[in-house]
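Here is the file coords-v8.cif (mmCIF, C-alpha atoms).
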data_final
loop_
_atom_site.label_atom_id
_atom_site.label_comp_id
_atom_site.auth_asym_id
_atom_site.auth_seq_id
_atom_site.Cartn_x
_atom_site.Cartn_y
_atom_site.Cartn_z
CA MET Z 150 9.95 -3.85 10.24
CA LEU Z 151 8.23 -0.88 8.59
CA ASP Z 152 4.96 0.27 10.13
CA PHE Z 153 2.98 3.22 8.80
CA HIS Z 154 -0.34 5.01 8.60
CA LEU Z 155 -0.06 7.93 6.18
CA HIS Z 156 -2.65 10.49 5.12
CA ARG Z 157 -2.17 13.03 2.34
CA GLN Z 158 -4.61 15.16 0.38
CA GLN Z 159 -3.61 16.00 -3.21
CA GLY Z 160 -6.40 17.99 -4.83
CA ALA Z 161 -9.36 15.65 -5.20
CA PHE Z 162 -7.22 12.59 -4.43
CA THR Z 163 -7.05 11.34 -0.83
CA LEU Z 164 -4.39 8.89 0.29
CA ASP Z 165 -5.06 7.11 3.58
CA ALA Z 166 -2.85 4.02 3.75
CA THR Z 167 -1.87 1.67 6.56
CA LEU Z 168 0.59 -1.23 6.30
CA LYS Z 169 3.18 -3.30 8.16
CA VAL Z 170 6.14 -4.58 6.14
CA PRO Z 171 8.23 -7.49 7.54
CA ALA Z 172 11.95 -7.10 8.21
CA ARG Z 173 12.92 -9.36 5.28
CA GLY Z 174 11.59 -10.39 1.90
CA VAL Z 175 9.77 -8.55 -0.89
CA THR Z 176 6.47 -6.79 -0.25
CA ALA Z 177 4.74 -5.64 -3.43
CA LEU Z 178 2.50 -2.59 -3.64
CA PHE Z 179 0.13 -3.54 -6.44
CA GLY Z 180 -2.61 -1.56 -8.11
CA ARG Z 181 -3.67 0.21 -11.27
CA SER Z 182 -1.96 3.39 -12.42
CA GLY Z 183 -3.01 6.37 -10.30
CA SER Z 184 -4.02 4.26 -7.30
CA GLY Z 185 -1.41 5.88 -5.03
CA LYS Z 186 1.46 3.37 -5.08
CA THR Z 187 4.23 5.82 -5.98
CA THR Z 188 2.86 8.44 -3.57
CA ILE Z 189 3.14 5.90 -0.75
CA LEU Z 190 6.72 5.12 -1.75
CA ARG Z 191 7.67 8.82 -1.87
CA LEU Z 192 6.15 9.38 1.57
CA ILE Z 193 8.16 6.45 2.94
CA ALA Z 194 11.35 7.78 1.33
CA GLY Z 195 10.82 11.24 2.82
CA LEU Z 196 10.54 12.87 -0.60
CA GLU Z 197 7.07 14.12 0.36
CA ARG Z 198 5.55 14.89 3.74
CA PRO Z 199 2.14 13.53 4.80
CA ASP Z 200 -0.55 15.78 6.23
CA HIS Z 201 -0.64 13.53 9.26
CA GLY Z 202 0.09 9.97 10.33
CA HIS Z 203 3.15 8.03 11.43
CA LEU Z 204 5.97 5.97 9.93
CA ARG Z 205 8.37 3.81 11.94
CA LEU Z 206 11.28 1.72 10.67
CA ASP Z 207 12.90 -0.77 13.03
CA GLY Z 208 11.28 1.04 15.94
CA GLU Z 209 12.60 4.49 14.93
CA CYS Z 210 10.01 7.15 14.20
CA LEU Z 211 10.73 8.80 10.85
CA THR Z 212 7.41 10.62 10.47
CA GLY Z 213 4.80 11.78 12.98
CA GLY Z 214 4.73 10.84 16.64
CA GLU Z 215 4.09 13.13 19.59
CA ASN Z 216 6.62 15.71 18.38
CA ASP Z 217 5.50 15.63 14.73
CA ILE Z 218 8.88 14.30 13.63
CA PHE Z 219 9.92 14.41 9.99
CA VAL Z 220 13.33 12.92 9.23
CA PRO Z 221 14.52 14.25 5.84
CA ALA Z 222 15.22 11.81 3.00
CA HIS Z 223 19.02 11.97 3.21
CA ARG Z 224 18.96 10.87 6.87
CA ARG Z 225 16.58 7.93 6.52
CA ARG Z 226 19.14 5.50 5.06
CA LEU Z 227 16.71 4.21 2.46
CA GLY Z 228 17.73 3.12 -1.02
CA VAL Z 229 15.28 4.17 -3.72
CA VAL Z 230 15.43 3.17 -7.38
CA PHE Z 231 12.90 4.83 -9.67
CA GLN Z 232 11.83 3.90 -13.18
CA GLU Z 233 14.83 5.73 -14.70
CA PRO Z 234 18.26 4.56 -13.44
CA ARG Z 235 19.59 8.17 -13.19
CA LEU Z 236 23.24 7.16 -13.27
CA PHE Z 237 26.04 9.75 -13.47
CA PRO Z 238 26.76 9.94 -17.22
CA HIS Z 239 30.39 11.04 -16.63
CA TYR Z 240 31.22 8.13 -14.31
CA SER Z 241 31.89 4.55 -15.35
CA VAL Z 242 29.82 1.76 -13.83
CA ARG Z 243 32.56 1.26 -11.24
CA GLY Z 244 32.49 4.98 -10.43
CA ASN Z 245 28.72 4.99 -10.06
CA LEU Z 246 28.87 2.01 -7.72
CA ARG Z 247 31.61 3.57 -5.60
CA TYR Z 248 29.74 6.85 -5.34
CA GLY Z 249 27.49 5.80 -2.49
CA MET Z 250 30.10 3.87 -0.52
CA PRO Z 251 31.44 5.23 2.79
CA ARG Z 252 34.79 6.97 2.65
CA ALA Z 253 37.70 4.63 3.45
CA LEU Z 254 40.25 6.25 5.77
CA THR Z 255 42.46 3.24 6.53
CA PRO Z 256 43.77 0.23 4.58
CA ALA Z 257 41.37 -2.02 6.50
CA GLN Z 258 38.42 0.16 5.53
CA ARG Z 259 39.52 0.23 1.89
CA GLN Z 260 39.72 -3.56 1.92
CA GLN Z 261 36.24 -3.76 3.44
CA ASN Z 262 34.84 -1.48 0.74
CA GLN Z 263 36.57 -3.48 -2.00
CA SER Z 264 35.19 -6.76 -0.63
CA ARG Z 265 31.70 -5.34 -0.44
CA LEU Z 266 31.91 -3.97 -3.98
CA HIS Z 267 33.01 -7.41 -5.22
CA GLU Z 268 30.09 -9.08 -3.41
CA MET Z 269 27.55 -6.69 -4.92
CA VAL Z 270 29.01 -6.93 -8.43
CA THR Z 271 28.87 -10.73 -8.25
CA LEU Z 272 25.36 -10.74 -6.82
CA LEU Z 273 24.00 -8.55 -9.63
CA GLY Z 274 26.02 -10.19 -12.41
CA ILE Z 275 27.67 -6.97 -13.61
CA GLU Z 276 31.34 -8.07 -13.54
CA ASP Z 277 31.75 -7.38 -17.26
CA LEU Z 278 30.19 -3.91 -17.07
CA LEU Z 279 32.51 -2.14 -14.62
CA SER Z 280 34.51 -0.20 -17.21
CA ARG Z 281 31.51 0.80 -19.33
CA MET Z 282 29.87 4.21 -19.30
CA PRO Z 283 26.11 4.51 -18.63
CA GLY Z 284 25.43 5.30 -22.29
CA GLN Z 285 26.82 1.89 -23.23
CA LEU Z 286 24.40 -0.05 -21.01
CA SER Z 287 21.09 -1.66 -21.90
CA GLY Z 288 18.02 -0.65 -19.90
CA GLY Z 289 18.20 -3.77 -17.74
CA GLU Z 290 21.93 -3.38 -17.11
CA ALA Z 291 21.52 0.26 -16.09
CA ARG Z 292 18.81 -0.64 -13.61
CA ARG Z 293 20.99 -3.36 -12.07
CA VAL Z 294 23.77 -0.81 -11.61
CA ALA Z 295 21.30 1.63 -10.00
CA ILE Z 296 20.16 -1.08 -7.59
CA GLY Z 297 23.77 -1.92 -6.75
CA ARG Z 298 24.58 1.74 -6.11
CA ALA Z 299 21.59 2.03 -3.78
CA LEU Z 300 22.62 -1.06 -1.82
CA LEU Z 301 26.26 0.00 -1.49
CA SER Z 302 25.11 3.04 0.50
CA ARG Z 303 24.07 0.50 3.19
CA PRO Z 304 20.34 1.31 3.34
CA ARG Z 305 18.00 -0.14 5.92
CA MET Z 306 15.39 -0.79 3.25
CA LEU Z 307 15.26 -0.88 -0.56
CA LEU Z 308 12.38 0.81 -2.40
CA LEU Z 309 11.85 -0.10 -6.07
CA ASP Z 310 9.35 2.03 -7.98
CA GLU Z 311 8.31 0.03 -11.07
CA PRO Z 312 11.94 -0.70 -12.03
CA LEU Z 313 10.88 -2.82 -15.03
CA THR Z 314 8.97 -0.07 -16.84
CA GLY Z 315 10.04 0.35 -20.46
CA LEU Z 316 12.02 -2.90 -20.70
CA ASP Z 317 11.28 -5.48 -23.40
CA GLY Z 318 10.29 -9.02 -22.48
CA ALA Z 319 13.79 -10.50 -22.41
CA ARG Z 320 15.33 -7.63 -20.41
CA LYS Z 321 12.38 -7.68 -18.02
CA GLN Z 322 12.83 -11.41 -17.34
CA GLU Z 323 16.55 -10.86 -16.82
CA LEU Z 324 16.03 -8.10 -14.25
CA LEU Z 325 13.29 -10.08 -12.49
CA HIS Z 326 15.80 -12.90 -12.15
CA TYR Z 327 18.29 -10.62 -10.41
CA ILE Z 328 15.71 -8.97 -8.16
CA ALA Z 329 14.46 -12.39 -7.04
CA ARG Z 330 18.05 -13.45 -6.42
CA LEU Z 331 18.74 -10.23 -4.53
CA ALA Z 332 15.74 -10.74 -2.27
CA ARG Z 333 17.09 -14.13 -1.18
CA GLU Z 334 20.59 -12.87 -0.48
CA ILE Z 335 20.30 -9.49 1.25
CA GLU Z 336 19.10 -9.04 4.81
CA ILE Z 337 16.89 -5.97 4.44
CA PRO Z 338 13.26 -5.61 3.34
CA ILE Z 339 12.36 -4.65 -0.22
CA LEU Z 340 9.24 -2.69 -1.19
CA PHE Z 341 8.41 -3.32 -4.85
CA VAL Z 342 5.88 -1.15 -6.69
CA SER Z 343 4.17 -2.75 -9.69
CA HIS Z 344 0.95 -2.91 -11.69
CA ASP Z 345 1.88 -6.16 -13.52
CA THR Z 346 0.78 -9.47 -11.99
CA ARG Z 347 3.53 -11.33 -13.88
CA GLU Z 348 6.13 -9.37 -11.92
CA LEU Z 349 4.46 -10.31 -8.64
CA PHE Z 350 4.67 -14.02 -9.39
CA ALA Z 351 8.41 -13.71 -9.94
CA VAL Z 352 9.58 -11.70 -6.94
CA ALA Z 353 6.98 -10.96 -4.26
CA ASP Z 354 6.62 -12.73 -0.91
CA ARG Z 355 3.80 -10.52 0.32
CA LEU Z 356 1.22 -8.46 -1.52
CA ALA Z 357 -0.49 -5.20 -0.55
CA LEU Z 358 -3.33 -4.12 -2.85
CA VAL Z 359 -3.66 -0.36 -3.40
CA ASP Z 360 -6.91 1.08 -4.70
CA ASN Z 361 -7.98 4.73 -4.76
CA GLY Z 362 -5.42 5.77 -2.14
CA ARG Z 363 -6.07 2.93 0.30
CA ILE Z 364 -4.44 -0.41 1.01
CA THR Z 365 -7.48 -2.64 0.78
CA ALA Z 366 -5.86 -5.99 1.66
CA SER Z 367 -2.44 -7.45 2.39
CA GLY Z 368 -0.91 -10.83 3.16
CA GLU Z 369 1.21 -13.67 1.83
CA ILE Z 370 1.11 -13.56 -1.95
CA GLY Z 371 -0.07 -17.15 -2.39
CA ASP Z 372 -3.04 -16.54 -0.09
CA MET Z 373 -3.88 -13.22 -1.72
CA LEU Z 374 -3.83 -14.52 -5.29
CA SER Z 375 -6.06 -17.47 -4.44
CA ARG Z 376 -8.78 -15.29 -2.88
CA LEU Z 377 -11.76 -15.05 -5.20
CA ASP Z 378 -13.04 -11.86 -3.56
CA LEU Z 379 -9.86 -10.04 -4.62
CA ALA Z 380 -10.07 -11.08 -8.29
CA PRO Z 381 -11.26 -7.63 -9.47
CA GLN Z 382 -8.00 -6.16 -8.12
CA THR Z 383 -5.52 -8.95 -8.79
CA GLY Z 384 -6.78 -9.49 -12.34
CA ARG Z 385 -8.81 -12.27 -13.93
CA PHE Z 386 -6.96 -13.10 -17.15
CA GLU Z 387 -3.57 -13.71 -15.48
CA ALA Z 388 -5.19 -14.98 -12.27
CA GLY Z 389 -3.58 -18.03 -10.80
CA SER Z 390 -1.82 -19.55 -7.85
CA LEU Z 391 1.66 -20.01 -6.45
CA LEU Z 392 2.71 -23.45 -5.25
CA THR Z 393 5.89 -24.42 -3.47
CA ALA Z 394 7.57 -27.53 -4.81
CA GLU Z 395 10.88 -29.38 -5.00
CA VAL Z 396 12.79 -30.65 -8.01
CA LEU Z 397 12.60 -34.45 -7.69
CA SER Z 398 14.15 -35.72 -10.92
CA HIS Z 399 14.98 -35.02 -14.57
CA ASP Z 400 14.22 -37.17 -17.61
CA ASP Z 401 16.93 -36.33 -20.14
CA ASP Z 402 15.46 -38.60 -22.82
CA TRP Z 403 12.13 -36.78 -22.89
CA GLN Z 404 13.43 -33.44 -21.53
CA LEU Z 405 11.04 -33.38 -18.57
CA THR Z 406 11.39 -32.40 -14.92
CA ARG Z 407 9.29 -33.84 -12.09
CA LEU Z 408 8.34 -31.49 -9.25
CA GLY Z 409 7.15 -32.74 -5.87
CA LEU Z 410 4.22 -30.84 -4.34
CA GLY Z 411 4.04 -32.75 -1.08
CA ALA Z 412 1.69 -35.50 0.11
CA GLY Z 413 3.26 -37.80 -2.49
CA LEU Z 414 1.98 -35.73 -5.42
CA SER Z 415 4.10 -34.53 -8.32
CA LEU Z 416 3.75 -33.00 -11.75
CA LYS Z 417 5.85 -32.97 -14.90
CA LEU Z 418 6.86 -30.01 -17.03
CA ALA Z 419 9.51 -29.09 -19.58
CA ARG Z 420 13.01 -29.72 -18.25
CA LEU Z 421 14.34 -27.10 -15.85
CA ALA Z 422 17.97 -26.07 -15.54
CA MET Z 423 17.84 -26.60 -11.78
CA PRO Z 424 19.45 -29.32 -9.66
CA VAL Z 425 17.54 -32.08 -7.92
CA GLY Z 426 16.57 -30.94 -4.43
CA ARG Z 427 16.08 -27.28 -5.40
CA ARG Z 428 13.03 -25.67 -3.78
CA VAL Z 429 10.95 -23.68 -6.26
CA ARG Z 430 7.86 -21.53 -6.56
CA LEU Z 431 5.54 -22.64 -9.35
CA ARG Z 432 2.98 -20.43 -11.03
CA LEU Z 433 -0.23 -22.10 -12.20
CA ARG Z 434 -2.66 -19.99 -14.22
CA ALA Z 435 -6.31 -20.59 -13.47
CA ARG Z 436 -7.10 -20.77 -17.19
CA ASP Z 437 -4.55 -23.59 -17.67
CA ILE Z 438 -6.28 -26.01 -15.27
CA SER Z 439 -9.09 -28.31 -16.37
CA ILE Z 440 -11.35 -30.39 -14.11
CA ALA Z 441 -12.37 -34.04 -14.42
CA LEU Z 442 -14.29 -36.32 -12.08
CA GLU Z 443 -11.79 -39.13 -12.59
CA THR Z 444 -8.37 -39.62 -14.15
CA PRO Z 445 -8.85 -39.53 -17.93
CA THR Z 446 -7.25 -41.96 -20.34
CA HIS Z 447 -5.98 -41.40 -23.87
CA THR Z 448 -5.26 -37.71 -23.28
CA SER Z 449 -2.30 -35.42 -23.95
CA LEU Z 450 -2.53 -33.93 -20.46
CA ARG Z 451 0.35 -35.36 -18.42
CA ASN Z 452 -0.69 -34.20 -14.97
CA ALA Z 453 -3.86 -35.32 -13.19
CA LEU Z 454 -3.70 -34.30 -9.52
CA PRO Z 455 -6.29 -35.29 -6.90
CA ALA Z 456 -7.99 -32.17 -5.53
CA VAL Z 457 -10.91 -31.11 -3.37
CA ILE Z 458 -13.14 -28.14 -4.24
CA HIS Z 459 -13.00 -25.55 -1.44
CA GLU Z 460 -14.86 -22.65 -3.07
CA ILE Z 461 -16.99 -21.97 -6.15
CA GLU Z 462 -17.93 -18.58 -7.54
CA SER Z 463 -20.42 -18.83 -10.39
CA GLU Z 464 -22.44 -15.76 -11.34
CA ARG Z 465 -25.07 -15.20 -14.01
CA GLY Z 466 -23.80 -13.02 -16.80
CA HIS Z 467 -20.37 -14.66 -16.72
CA ALA Z 468 -19.35 -17.52 -19.00
CA SER Z 469 -16.86 -18.96 -16.53
CA ALA Z 470 -16.86 -20.09 -12.92
CA GLU Z 471 -13.96 -19.60 -10.51
CA LEU Z 472 -12.89 -22.49 -8.27
CA VAL Z 473 -10.49 -22.79 -5.37
CA LEU Z 474 -9.03 -26.29 -5.07
CA GLY Z 475 -7.03 -27.93 -2.32
CA ILE Z 476 -4.02 -29.80 -3.74
CA ALA Z 477 -1.41 -31.28 -1.39
CA GLY Z 478 -2.43 -28.78 1.28
CA GLN Z 479 -2.06 -25.80 -1.08
CA ARG Z 480 -4.78 -23.55 -2.50
CA VAL Z 481 -5.07 -23.52 -6.29
CA ARG Z 482 -7.39 -21.41 -8.46
CA ALA Z 483 -9.04 -22.89 -11.53
CA ARG Z 484 -11.43 -21.50 -14.12
CA VAL Z 485 -14.01 -23.57 -16.00
CA ASP Z 486 -17.14 -22.88 -18.05
CA ARG Z 487 -20.26 -22.39 -15.93
CA LEU Z 488 -22.01 -24.97 -18.11
CA VAL Z 489 -19.26 -27.51 -17.38
CA CYS Z 490 -19.64 -26.74 -13.69
CA GLN Z 491 -23.32 -27.66 -13.90
CA GLU Z 492 -22.88 -30.71 -16.14
CA LEU Z 493 -20.21 -32.23 -13.86
CA GLY Z 494 -22.17 -31.41 -10.74
CA LEU Z 495 -19.25 -29.55 -9.19
CA LYS Z 496 -19.81 -28.49 -5.58
CA VAL Z 497 -17.82 -27.59 -2.49
CA GLY Z 498 -16.26 -30.67 -0.88
CA LEU Z 499 -16.28 -32.77 -4.05
CA GLY Z 500 -13.12 -34.68 -4.92
CA VAL Z 501 -11.95 -34.09 -8.50
CA LYS Z 502 -8.89 -34.36 -10.72
CA ALA Z 503 -7.04 -31.17 -11.64
CA LEU Z 504 -5.65 -31.59 -15.15
CA ILE Z 505 -2.57 -29.52 -15.98
CA SER Z 506 -0.72 -29.55 -19.28
CA SER Z 507 3.05 -29.73 -18.98
CA VAL Z 508 3.25 -27.53 -22.09
CA ALA Z 509 1.40 -24.73 -20.26
CA LEU Z 510 4.25 -24.53 -17.75
CA SER Z 511 7.52 -22.93 -18.82
CA GLY Z 512 10.79 -21.77 -17.30
CA PRO Z 513 9.55 -18.26 -16.36
CA ASP Z 514 6.73 -19.90 -14.37
CA VAL Z 515 9.23 -21.54 -12.00
CA ILE Z 516 11.33 -19.45 -9.62
CA SER Z 517 14.05 -20.85 -7.37
CA LEU Z 518 13.52 -20.31 -3.64
CA ASP Z 519 17.07 -21.33 -2.72
CA ALA Z 520 20.34 -19.45 -3.11
CA MET Z 521 21.33 -19.75 -6.74
CA ASP Z 522 25.07 -19.99 -6.14
CA ASP Z 523 26.44 -21.46 -2.93
CA ASP Z 524 29.64 -19.44 -3.22
CA ILE Z 525 27.84 -16.08 -3.14
CA PRO Z 526 27.92 -14.70 0.41
CA VAL Z 527 24.87 -13.29 2.15
CA VAL Z 528 25.04 -9.50 1.91
CA ASN Z 529 23.86 -7.53 4.92
CA ALA Z 530 23.06 -4.28 3.17
CA ALA Z 531 22.29 -2.44 6.39
CA GLN Z 532 25.37 -3.54 8.33
CA PRO Z 533 27.19 -0.48 9.74
CA SER Z 534 30.53 0.19 8.13
CA ALA Z 535 33.76 0.36 10.05
CA ALA Z 536 34.53 3.50 8.09
CA GLN Z 537 32.97 6.48 9.84
CA PRO Z 538 32.41 9.56 7.68
CA SER Z 539 34.29 12.62 8.78
CA ALA Z 540 32.84 16.09 9.08
CA ALA Z 541 34.46 16.99 5.77
CA GLN Z 542 33.15 13.88 4.06
CA PRO Z 543 29.36 13.46 4.27
CA ASN Z 544 28.00 9.95 4.45
CA ALA Z 545 26.57 8.18 1.43
CA THR Z 546 23.01 9.37 1.80
CA GLN Z 547 24.09 12.95 2.41
CA THR Z 548 26.26 12.83 -0.70
CA ASN Z 549 23.37 11.43 -2.69
CA THR Z 550 21.22 14.34 -1.59
CA ALA Z 551 23.74 16.69 -3.13
CA GLN Z 552 23.36 14.68 -6.30
CA ALA Z 553 19.61 15.11 -6.08
CA LYS Z 554 20.11 18.88 -6.28
CA ALA Z 555 22.23 18.71 -9.43
CA PRO Z 556 20.84 20.93 -12.21
CA ASN Z 557 20.71 18.08 -14.71
CA ASP Z 558 18.70 15.92 -12.28
CA ALA Z 559 21.06 13.03 -13.00
CA GLY Z 560 20.16 11.47 -9.71
CA SER Z 561 17.26 13.18 -8.08
CA ALA Z 562 16.21 9.78 -6.88
CA SER Z 563 19.60 8.98 -5.70
CA SER Z 564 18.89 10.16 -2.28
CA ALA Z 565 17.64 7.45 -3.01
CA SER Z 566 19.30 5.63 -5.74
#
Taking this structure as input, can you express it in the form of structure tokens?
Amino acid sequence: MLDFHLHRQQGAFTLDATLKVPARGVTALFGRSGSGKTTILRLIAGLERPDHGHLRLDGECLTGGENDIFVPAHRRRLGVVFQEPRLFPHYSVRGNLRYGMPRALTPAQRQQNQSRLHEMVTLLGIEDLLSRMPGQLSGGEARRVAIGRALLSRPRMLLLDEPLTGLDGARKQELLHYIARLAREIEIPILFVSHDTRELFAVADRLALVDNGRITASGEIGDMLSRLDLAPQTGRFEAGSLLTAEVLSHDDDWQLTRLGLGAGLSLKLARLAMPVGRRVRLRLRARDISIALETPTHTSLRNALPAVIHEIESERGHASAELVLGIAGQRVRARVDRLVCQELGLKVGLGVKALISSVALSGPDVISLDAMDDDIPVVNAAQPSAAQPSAAQPNATQTNTAQAKAPNDAGSASSAS
């Protein structure tokens, strides 16, 4: 677990942030540009030093404490991937991946390294890229290689600083797919910096909101996104909810999939390429949910779920009202016109029907919560290697620090990447 309270003054900007990050899963630092997200990440990585505070990882003090400890970046065993992949241009993909691996001194150690390289290559889907040079990679491919290189150095934690910046829609979805997959398979925590709510829906388990240098709220992402009081920070247009569900069946004739929400409730959406029994996370946008007092007839809306109104936020000067509904024991946000709210007599505790169009739900709105391939082994990225670095051969993070000092800055993050 990561536990920190960090304070740093940068001109007129004051950062004073406190957070606890669980030992597994993806915690997202979310906020507008300039809120302090990247500064927090750099302080965690040891690339900057706070004015005061503390930072502990797995019980080890890396910053602060009674003796004002400051462990330098190359000794923290943290993998950092910044917005630019910063791969070695003169190494192939295979060479870049091998760069951070511990030196193999025996046949057994070489076999261990080879097995681990194979696991990582399979996990990130880069089998066909190994012989390519960085200049031959797309933006998404280069970032996957950078993530693999960081993980092969056996970090205790992975820090991703807006790794999707600059990618087009298709490449962004592709990389989100692999990051979500990675989070399920590796046994170390991931800190993911973002200012895009769509990225949070795809990969985050927990959410920490950063505003003006402070972490204003944190918790499970589903709970955070359904809180009406946090709407100014989480965003109104893309506001919504995350539901957990299970693939119950497929209708091949009509190309529909039925998802079970619990309590005997289910909804239909366009057919998913997922097997029956797969657990999924479903994103529902507040603007895609309509409210009725009873199940309508003669309508194109395929899903009418019984719900109870838990909260209503309706303010003068706003055309819409925000609702929090209870559906199958899960909290769901909905947005309706204030006039509709009055005409239907909506109030807290009232039972209603939540109407959801199957067309409004698409593949990117559904993320698998289970391992995607049963034959892919769980990768313990922080597991100590049997190969011990010799005095003449620095370990992976020390080597990466040397890279960080290279004149061409090919990997200044590689102490970290």
| request: Kindly resolve the PyMOL selection byres ((chain Z and resi 195) around 9) on the present coordinates and return the residues as a list in words. | output: Leu190, Arg191, Leu192, Ile193, Ala194, Leu196, Glu197, Arg198, Leu211, Thr212, Phe219, Val220, Pro221, Ala222, His223 and Arg225 of chain Z
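Each of Z:Leu391, Z:Ala422, Z:Ile189, Z:Val229 was checked against Leu405 (chain Z) using all atoms listed in the file; the smallest atom-to-atom distance is that of Z:Ala422.
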| query | Hey, can you pull every residue with an atom no more than 10 Å from (-21.9, -25.9, -11.5), using only C-alpha atoms, and send it as a PyMOL selection string? | reply | chain Z and resi 461-463+469-470+485-496
Can you list, as a compact mmCIF listing (two decimals) with C-alpha atoms, keeping the file's coordinate frame, every protein, DNA or RNA residue that comes within 7 Å of Leu518 (chain Z) when you count all atoms listed in the file, leaving out same-chain residues fewer than 2 positions away?
# COMPACT_ATOMS: atom_id res chain seq x y z
CA ARG Z 428 13.03 -25.67 -3.78
CA VAL Z 429 10.95 -23.68 -6.26
CA ARG Z 430 7.86 -21.53 -6.56
CA ILE Z 516 11.33 -19.45 -9.62
CA ALA Z 520 20.34 -19.45 -3.11
| task | Find the residues around Ile296 (chain Z) up to 12 Å (only C-alpha atoms counted), leave out those fewer than 6 positions away in its own chain, and share them as a ChimeraX atom specification. | result | /Z:227-236,242,245-246,249,269-270,272-275,289-290,302-304,306-310,312,324,327-328,331-332,339,530,562-563,565-566
| task | Carefully work through the PyMOL selection byres ((chain Z and resi 416-418) around 10) for this structure and note down the residues it includes, as an NGL selection string. | result | :Z and (394 or 397-400 or 404-410 or 414-415 or 419-421 or 451-454 or 505-512)
| task | Decode the PyMOL selection byres ((chain Z and resi 341) around 6) for the given file into explicit residues and return them as a list of chain:residue names. | result | Z:Ala177, Z:Leu309, Z:Leu340, Z:Val342
Take the selection from the previous step and output its residues with C-alpha atoms, as a PDB file, keeping the file's coordinate frame.
ATOM      1  CA  ALA Z 177       4.740  -5.640  -3.430  1.00  0.00           C
ATOM      2  CA  LEU Z 309      11.850  -0.100  -6.070  1.00  0.00           C
ATOM      3  CA  LEU Z 340       9.240  -2.690  -1.190  1.00  0.00           C
ATOM      4  CA  VAL Z 342       5.880  -1.150  -6.690  1.00  0.00           C
TER       5      VAL Z 342
END
| For His156 (chain Z), which residue out of Z:Lys169, Z:His201, Z:Arg293, Z:Arg434 is the nearest one, using only C-alpha atoms? |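 Answer, going by the shortest atom-to-atom distance: Z:His201.
When only C-alpha atoms are used to compute distances to Ile438 (chain Z), the closest of the residues Z:Thr163, Z:Arg465, Z:Gly426, Z:Gly389 turns out to be Z:Gly389.
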| Shell of 12 Å around Gly478 (chain Z), all atoms listed in the file, local chain residues under 4 positions omitted, as a ChimeraX atom specification | /Z:392-394,410-414,455-457,459,474
| task | Kindly indicate which residue among Z:Val515, Z:Val473, Z:Ile458, Z:Ala166 lies nearest to Leu499 (chain Z), using only C-alpha atoms for the distances. | result | Z:Ile458
| task | For CA of Ala357 (chain Z) and CA of Ser390 (chain Z), quote the distance in Å rounded to one decimal. | result | 16.2 Å
| message | Just to confirm, what's the straight-line distance from CA of Ala329 (chain Z) to CA of Val352 (chain Z) in Å (one decimal)? | response |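 Interatomic distance, CA of Ala329 (chain Z) to CA of Val352 (chain Z): 4.9 Å.
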| Separation of CA of Met150 (chain Z) from CA of Gly180 (chain Z), in Å and rounded to one decimal | 22.4 Å
| message | For Ala353 (chain Z), find every residue with an atom within 8 Å (counting all atoms listed in the file), except residues of its own chain fewer than 2 positions away, and show them as a PyMOL selection string. | response | chain Z and resi 174-177+341+348-351+355-356+370
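Comparing the minimum interatomic distances between Glu471 (chain Z) and each of Z:Arg259, Z:Arg427, Z:Arg376, Z:Arg432, counting only C-alpha atoms, we find that Z:Arg376 sits nearest.
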Could you write region 200-208 of chain Z as a compact mmCIF listing (two decimals), in the frame of the given file, with N, CA and C atoms rebuilt where they are missing?
# COMPACT_ATOMS: atom_id res chain seq x y z
N ASP Z 200 0.18 14.80 5.43
CA ASP Z 200 -0.55 15.78 6.23
C ASP Z 200 -0.58 15.36 7.69
N HIS Z 201 -0.75 14.08 7.91
CA HIS Z 201 -0.64 13.53 9.26
C HIS Z 201 -0.47 12.02 9.17
N GLY Z 202 -0.15 11.40 10.29
CA GLY Z 202 0.09 9.97 10.33
C GLY Z 202 1.42 9.67 10.99
N HIS Z 203 1.86 8.43 10.84
CA HIS Z 203 3.15 8.03 11.43
C HIS Z 203 3.84 7.04 10.52
N LEU Z 204 5.16 6.95 10.66
CA LEU Z 204 5.97 5.97 9.93
C LEU Z 204 7.15 5.59 10.80
N ARG Z 205 7.27 4.30 11.11
CA ARG Z 205 8.37 3.81 11.94
C ARG Z 205 9.12 2.71 11.20
N LEU Z 206 10.43 2.75 11.26
CA LEU Z 206 11.28 1.72 10.67
C LEU Z 206 12.19 1.18 11.74
N ASP Z 207 12.10 -0.12 11.99
CA ASP Z 207 12.90 -0.77 13.03
C ASP Z 207 12.76 -0.06 14.37
N GLY Z 208 11.55 0.39 14.67
CA GLY Z 208 11.28 1.04 15.94
C GLY Z 208 11.58 2.52 15.98
